[in-house]
Each structure stands twice: as C-alpha cells, then as structure tokens.
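Structure first, commentary second.
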Amino acid sequence: MLIATLYGGFFVDSATEKPRKSRDRKTTSLVYHPLRGKLVTKCHRDRRRIVDELSTGLATVAAMKFGMLGPLEVWDGDERLHLGGPQQRALLAVLLVNANSVVSADRLIDHLWGERPPDSARRLLKGCIAGLRKALRVGRTDRLLTHPPGYLLEVLPGERDLDRFDELVETAGRLPDDPPVRAAALREALSCWRGPALDGLVPEACRAEAARLDERRLSVLEQRVDLDLRSGRYSELVAELQALVRQHPLRERLWAQLMLALHGANRQSDAVAVYRRIRRSLVEQLGVEPSATLRQAHRVVLAGTPEAAARTTRAGAPSVPAQLPAVAAGFTGRDTELAELTHLLTASRSAVPIVAVLGAPGVGKTALALRWAHAVRDRFPDGQLYVNLRGYDPGPPPAPAAALAGILAGLGVAVPDHTVDVDERAARFRTAVSGRRMLVVLDNAATVEQIRPLLPGTPSCAVVVTSRNTLPGLVALHGAHRLGLGPLPAEAAKTLLRILIGARADVEPEAAAALAEHCDRLPLALRVAAEYIAGRPADDLAVLAGELHDHRLEVLEAGGDPRAGVGAAFSWSARRLPPDASRVFRLAARFPVLDAETVAAVLGGGVCAARRVLELLATEHLVRPGADGRYVLSGLLRIYAASLDEPFRPAAHHPPTRLLQGEAPGADAGSPHPGSPYPRRNHDRDNRSIPA
C-alpha cells in the first residue's frame with residue numbers, strides 16, 4: 001500500500017522514496033504521530049521515520065489483495081487473477097462482503113438467482129465454488145472453506161482495500177485539528193478507490209453493499225472538502241465540486257460546499273446562482289425546500305466575507321446524526337407495508353408526517369420501521385434520530401426530559417445543566433430541527449405522552465412511531481396515520497424460516513410449514529424457533545415441530561432472555577393491564593369468543609364498562625375485534641393467557657351465564673413463577689388441547 005503524507009511542504013511516496021513539492025510550503029513545528037498517539041518534532045529525519053512507520057503499521061503484508069472499491073479484483077502478489085464469469089464474480093463479491101462469516105447455500109442461491117432459481121441451482125452453486133477455489137488457488141492456502149450450512153471465505157486483516165480505506169480514515173480521525181494534515185490523510189484514504197464499489201456486479205446483495213460503500217466514500221470526500229475549505233484552497237475546489245454536483249445533482253452538502261468555495265474565490269454572484277439552481281431542482285423534483293445546510297451557506301454568501309466560509313465549515317455546519325440501529329438479517333415479506341410507509345410519509349407537505357406502526361408483540365414493528373428508514377435515509381440528508389422509549393421493556397422507560405437530552409446531544413446542541421424543564425428542552429429540539437430534512441424514529445412507545453415532546457414542528461421532518469398501543473391521542477391531536485401490522489403471510493414466513501435454518505427447510509417442507517404456523521407466523525417467534533432448531537442439528541424438523549406444538553412457550557423462551565423470549569415479550573403487555581383487564585385477558589383464553597355480556601358477568605358491572613375493558617385489550621393488541629361486538633384471542637397469546645389463568649369465580653351478585661358454566665380447555669393452567677415473565681410448565685396437561 002502506498003502511504004503518502006504531508007510534511008514540511010513535501011509529499012513522500014513510501015514506495016518510490018521520491019519527494020515532490022506541494023503547492024503549499026507552509027510548515028509547523030510539530031506533527032502528530034498517529035501510531036504513537038503523540039506529537040513529535042517535525043524535523044526532516046522524524047518526518048521520514050513517521051512515513052516509514054505509517055507504511056509498516058497501516059499496510060498488512062499479505063500475499064493476496066482483494067479489491068472491492070471499484071471493479072472486483074484479486075491480486076496474488078503482482079499477478080492479477082482471472083475470476084471467471086459473472087456468476088462466479090458475484091459469488092466472490094457476496095463472500096467478500098461477508099468475509100470470515102458463514103454464508104448459507106440458500107442465501108447464496110437467493111443472491112445469485114433471485115426469487116426464481118433454476119432447479120439446478122445447487123449444482124450450479126457447487127460448480128461456481130469449485131471454479132472460485134481454482135481461481136483463488138486456495139488448494140494451498142485453504143481460503144474458501146465449506147462450513148455447513150454454507151461457505152466461508154477467510155480474509156486476513158488488510159487484504160481487502162475496504163479494510164485499508166477504513167483504517168486510513170480512522171487514522172485521520174485521530175489526528176489533531178490541523179486541516180492540511182488531516183485533508184492529506186483523507187486524500188490518501190480516498191486514493192484506495194478505483195471507481196464505484198463492486199462496479200459491474202448485478203446481484204441485489206452486491207448493489208446494496210455497493211450503495212453503502214459509495215455513500216461512505218462520499219461522506220469521507222465531503223469531510224476532506226471541508227478541511228480544504230478551512231485551508232483556503234477555494235479556487236482548486238471549484239472545478240472539483242462542479243464535477244461532483246454533476247455526478248450527484250441532489251446531494252445538498254456538495255452544493256453548499258461549492259457555494260462556499262465560489263464565495264471564498266470572490267465569485268459571490270456565481271455562488272448565489274448556484275443556490276438558485278439547486279433550490280429550483282429541489283422544489284421541482286422533490287417538492288421540498290433546501291436543507292438547513294444549504295440555507296446557512298446561502299446566508300454566508302449574502303452577508304459574510306470569504307473568511308466566513310472557512311468558519312462555516314469549521315463551526316457552523318449542524319451536526320448530522322446517523323443513529324439508526326442495524327436491521328436483523330433475513331427481513332422479508334413486507335413489501336406492501338414498506339410502500340405504504342413511503343406513501344404516507346412523503347404525501348404531506350403542510351404538516352409533520354407521522355406514521356404509527358402498530359401491532360401485537362413480536363410481529364416485527366421495529367424491524368419494519370428500521371428497514372424502511374435505512375432504505376430512504378438519503379431523503380433525509382440532515383440526519384436520522386432514533387430513540388427507544390422502552391414502553392414495553394424490562395427496563396424503565398426514559399423520562400421525556402432524558403430522551404430530549406439524548407436527542408439534543410446527537411444534534412450537537414448544548415443544554416445547560418439547569419435546563420431540566422421538558423417544555424424548554426422540547427423547544428430547543430424543535431428549533432434545532434426547524435427547516436431540516438430529518439427522520440425521527442420513536443421505537444417501542446407505550447403512551448402518547450412519551451411521544452408528544454419528541455415531535456418536531458416542521459413538515460420537513462418525518463416521524464415513525466412503533467407501538468403495541470393504537471395511540472388514539474396521537475391520531476386525533478397530531479394527525480398520525482396508523483399502519484397496522486399482522487403476522488407474516490404464509491409464504492413469507494416459510495421464506496424467513498428457510499433463510500434462518502437453511503437447507504433443512506427444503507428437506508422437510510411440511511414440517512417447516514408446520515413450524516411457521518406453530519409460531520403464528522410472528523417474526524420474533526420464528527427467529528427464536530430457528531435458534532432452537534440450530535441447536536438440534538441431528539433432529540428431524542418433524543420432531544422439533546412436535547416439541548414446539550406441545551410446549552410452545554417453553555421452546556420459544558430464548559434461553560430466558562427477557563428481550564428475546566416470546567413469553568417475555570407478551571408479559572410486558574400483560575403487566576401494564578389494570579386488574580379488571582388482566583382478569584378478562586386470562587378469561588379470554590377459555591372461550592372461542594368473548595363479548596361484553598360475558599365480561600359483565602365476570603366483573604359484576606355494567607355492559608358499557610365491560611365493553612370498555614374489551615376495547616382496552618384491543619387497543620393493546622391483546623385481543624382481536626371480530627363481528628357483532630365479539631373479540632377473539634388466538635394462537636400463542638391464547639396459550640400465554642391460559643398459562644396465567646386462575647380459577648374462575650363470577651361475581652356473587654351476578655349469576656353465571658350458560659356460556660360460563662362449562663370449563664374450557666386450559667382453565668387449570670399453572671400460574672407463573674413469582675417475579676418471572678415465563679409461565680410455569682404444567683406437566684398435567686398437554687398444550688395441544690388448547691385451540692390455536
């Protein structure tokens with residue numbers, strides 16, 4: 001790897017040892033040594049030693065080099081290897097993206113052939129693996145390994161150009177705030193790129209990873225341009241930025257940098273014309289006004305001096321948070337809901353668009369919200385905020401003031417210690433995001449009171465809320481749109497199971513389908529079941545499906561994890577219920593349907609009060625409204641409610657109805673262990689007697 005660094009007005013290429021003069025002869029007395037983590041004297045001898053040590057410390061000597069930052073390439077020493085045809089190259093790309101991790105054969109087939117693979121896909125995959133082994137000459141180095149249920153490509157540290165790029169960027173971040181030195185370090189990192197990432201490869205997995213890498217490159221490039229602006233290199237930057245905005249016509253930060261470069265080069269009228277041009281494009285193509293970054297650059301151009309451009313890039317640019325958590329692998333089956341989210345959150349122009357993703361525990365609300373948020377983050381160039389409100393969670397929910405403090409910190413807004421008033425912090429938050437195109441994801445909310453202080457006040461922002469509660473106040477007062485989420489469609493549930501457990505699902509398709517149904521086609525339950533199956537590699541799926549049918553909650557407890565177990569997930573909803581609603585929830589497990597008259601008999605009150613209790617349970621997605629005012633509890637929730645049940649005793653002054661006189665299956669279920677969210681296994685009954 002070539003390591004070039006700036007020192008004393010010279011650039012040195014450690015491969016050729018030939019110094020060349022730079023345009024800027026300005027020197028300083030000290031330089032930061034990133035490997036030693038301290039300042040050292042900047043004499044010529046020390047500068048040469050720093051370059052040599054950087055070359056040794058950052059470049060891992062390895063026989064093989066994998067090039068992902070451009071067209072896919074592999075070098076063995078000085079020899080470039082022939083990688084075979086398009087499918088073989090795509091296979092290598094997928095393995096490189098998942099370097100040192102096992103990729104199942106099913107996932108590889110999905111990546112290479114999509115949703116309609118040929119009948120001979122497995123044979124073709126084995127042929128590609130054999131060809132790739134031959135191309136990589138792994139017979140002597142054992143790089144491409146077979147690991148059930150798939151394959152693993154071993155890559156040493158520093159062998160991927162992506163690793164070298166990341167290491168150089170990290171090193172640049174440790175340098176002191178010296179713009180020319182840091183810009184040179186980022187310039188060296190960017191020199192790792194030979195073109196668009198994984199250029200020319202077709203599979204969706206390759207395109208998604210390529211888009212992520214290209215976005216990272218642009219982000220680093222923008223950082224380097226900011227440093228060059230602070231160094232006063234305005235005229236040099238104008239031509240580069242003009243080319244960049246042609247390549248990325250809606251990337252607002254590049255346009256803002258071009259405006260500042262033109263302004264710094266004493267071309268104020270051109271800078272104003274650039275602002276008008278990008279504003280017109282944004283309004284006509286996207287229907288939005290320029291972001292806060294562009295508007296701030298415009299103000300600098302109109303009112304500032306050239307020196308203000310440098311100050312703007314150093315201290316004036318607002319923080320751009322990127323707080324979205326990762327999405328679990330294997331997301332599938334929600335195309336309609338993703339499209340609906342896009343429609344609901346982009347249709348409004350006059351009010352803050354708010355969508356509440358609602359559903360029962362374990363149905364995949366958070367996964368859907370995060371999947372969508374990652375897919376559209378380029379529409380929110382000013383940042384993405386994420387807050388876990390812990391409404392249904394083992395831990396206590398954060399107070400609104402604490403949640404706002406975290407948000408403001410992510411936005412780079414200083415909050416004095418004495419500022420603890422929620423309204424004051426909420427006002428600071430609305431001010432900080434005013435006019436900015438930002439996405440706010442409020443996850444796992446239980447009440448609208450958790451949400452209200454965290455709502456922005458400008459329609460340029462969008463808000464996604466996830467909750468088990470239907471949040472009527474959010475809809476009534478804030479105009480939120482509801483997006484209900486149910487279990488996965490049958491085919492999507494089987495697809496998810498196939499992704500998670502691999503070929504075993506294809507060997508026993510009927511057992512796999514039964515497993516999906518026993519999990520109510522809930523993504524959480526399917527993932528926990530897949531982990532259980534992975535721990536029993538010698539057992540037939542049919543046997544495991546029978547165990548799951550007989551002891552569902554015990555099998556799906558995820559080793560007692562309070563955040564992963566299905567019973568635990570249900571418990572955080574059940575614990576929030578008031579006593580009357582809790583009693584009715586347990587009662588609901590006994591009967592095919594419940595109505596207000598039956599509940600009134602249990603509670604000893606009026607029908608109207610009973611109806612309100614049923615509506616409360618429906619609001620929490622613990623029962624499902626049916627026809628004629630009846631409510632249904634089914635599947636895993638029914639089994640969970642039965643496990644919590646208590647002997648039924650109707651109110652003394654309200655005689656039992658005919659419906660209540662018969663004991664239904666599950667009426668003698670055991671109560672949970674004290675302090676535990678998991679039901680006690682009842683060895684005297686078979687859960688198969690409970691209708692699911």
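Numbering starts fresh at 1 for the residues of each chain in the structure tokens, the chains themselves are lettered A, B, ... in the order given, and ligands are numbered from 1 as they appear.
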With segment 198-208 of chain A as the partner and 12 Å as the cut-off, tabulate the residues of segment 311-402 of chain A that qualify, each row holding the nearest pair of atoms and their distance in Å to one decimal, using only C-alpha atoms, sorted by chain and rising number, as a Markdown table.
```
| residue | atom | partner | partner_atom | distance |
| --- | --- | --- | --- | --- |
| A:Ala329 | CA | A:Ala205 | CA | 11.8 |
| A:Gly330 | CA | A:Ala205 | CA | 11.9 |
| A:His374 | CA | A:Ala208 | CA | 11.0 |
| A:Ala375 | CA | A:Ala208 | CA | 9.7 |
```
So that I can see what lies close to segment 247-251 of chain A, please list as a VMD selection string the residues with an atom at most 12 Å from it, counting only C-alpha atoms and leaving out residues fewer than 6 positions away in the same chain. chain A and resid 196 214 to 215 218 to 219 222 240 to 241 257 to 258 274 277 to 286 288 to 291 293 to 294 378 to 382
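Residues surrounding Glu547 of chain A within 12 Å are A:Ala511, A:Ala514, A:Leu515, A:His518, A:Ala529, A:Tyr532, A:Ile533, A:Arg536, A:Asp539, A:Asp540, A:Leu541, A:Ala542, A:Val543, A:Leu544, A:Ala545, A:His549, A:Asp550, A:His551, A:Arg552, A:Leu553, A:Glu554, A:Val555, A:Leu556, A:Asp686, A:Asn687, A:Arg688 [only C-alpha atoms; sequence separation below 2 positions excluded].
Interatomic distance, atom CA of Gly131 of chain A to atom CA of Met64 of chain A: 17.5 Å.
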Non-local contacts of Asp393 of chain A (8 Å; only C-alpha atoms; under 5 positions in same chain excluded) as a ChimeraX atom specification: /A:563,569,572
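The gap separating atom CA of Pro523 of chain A from atom CA of Pro487 of chain A is 7.7 Å, in Å to one decimal.
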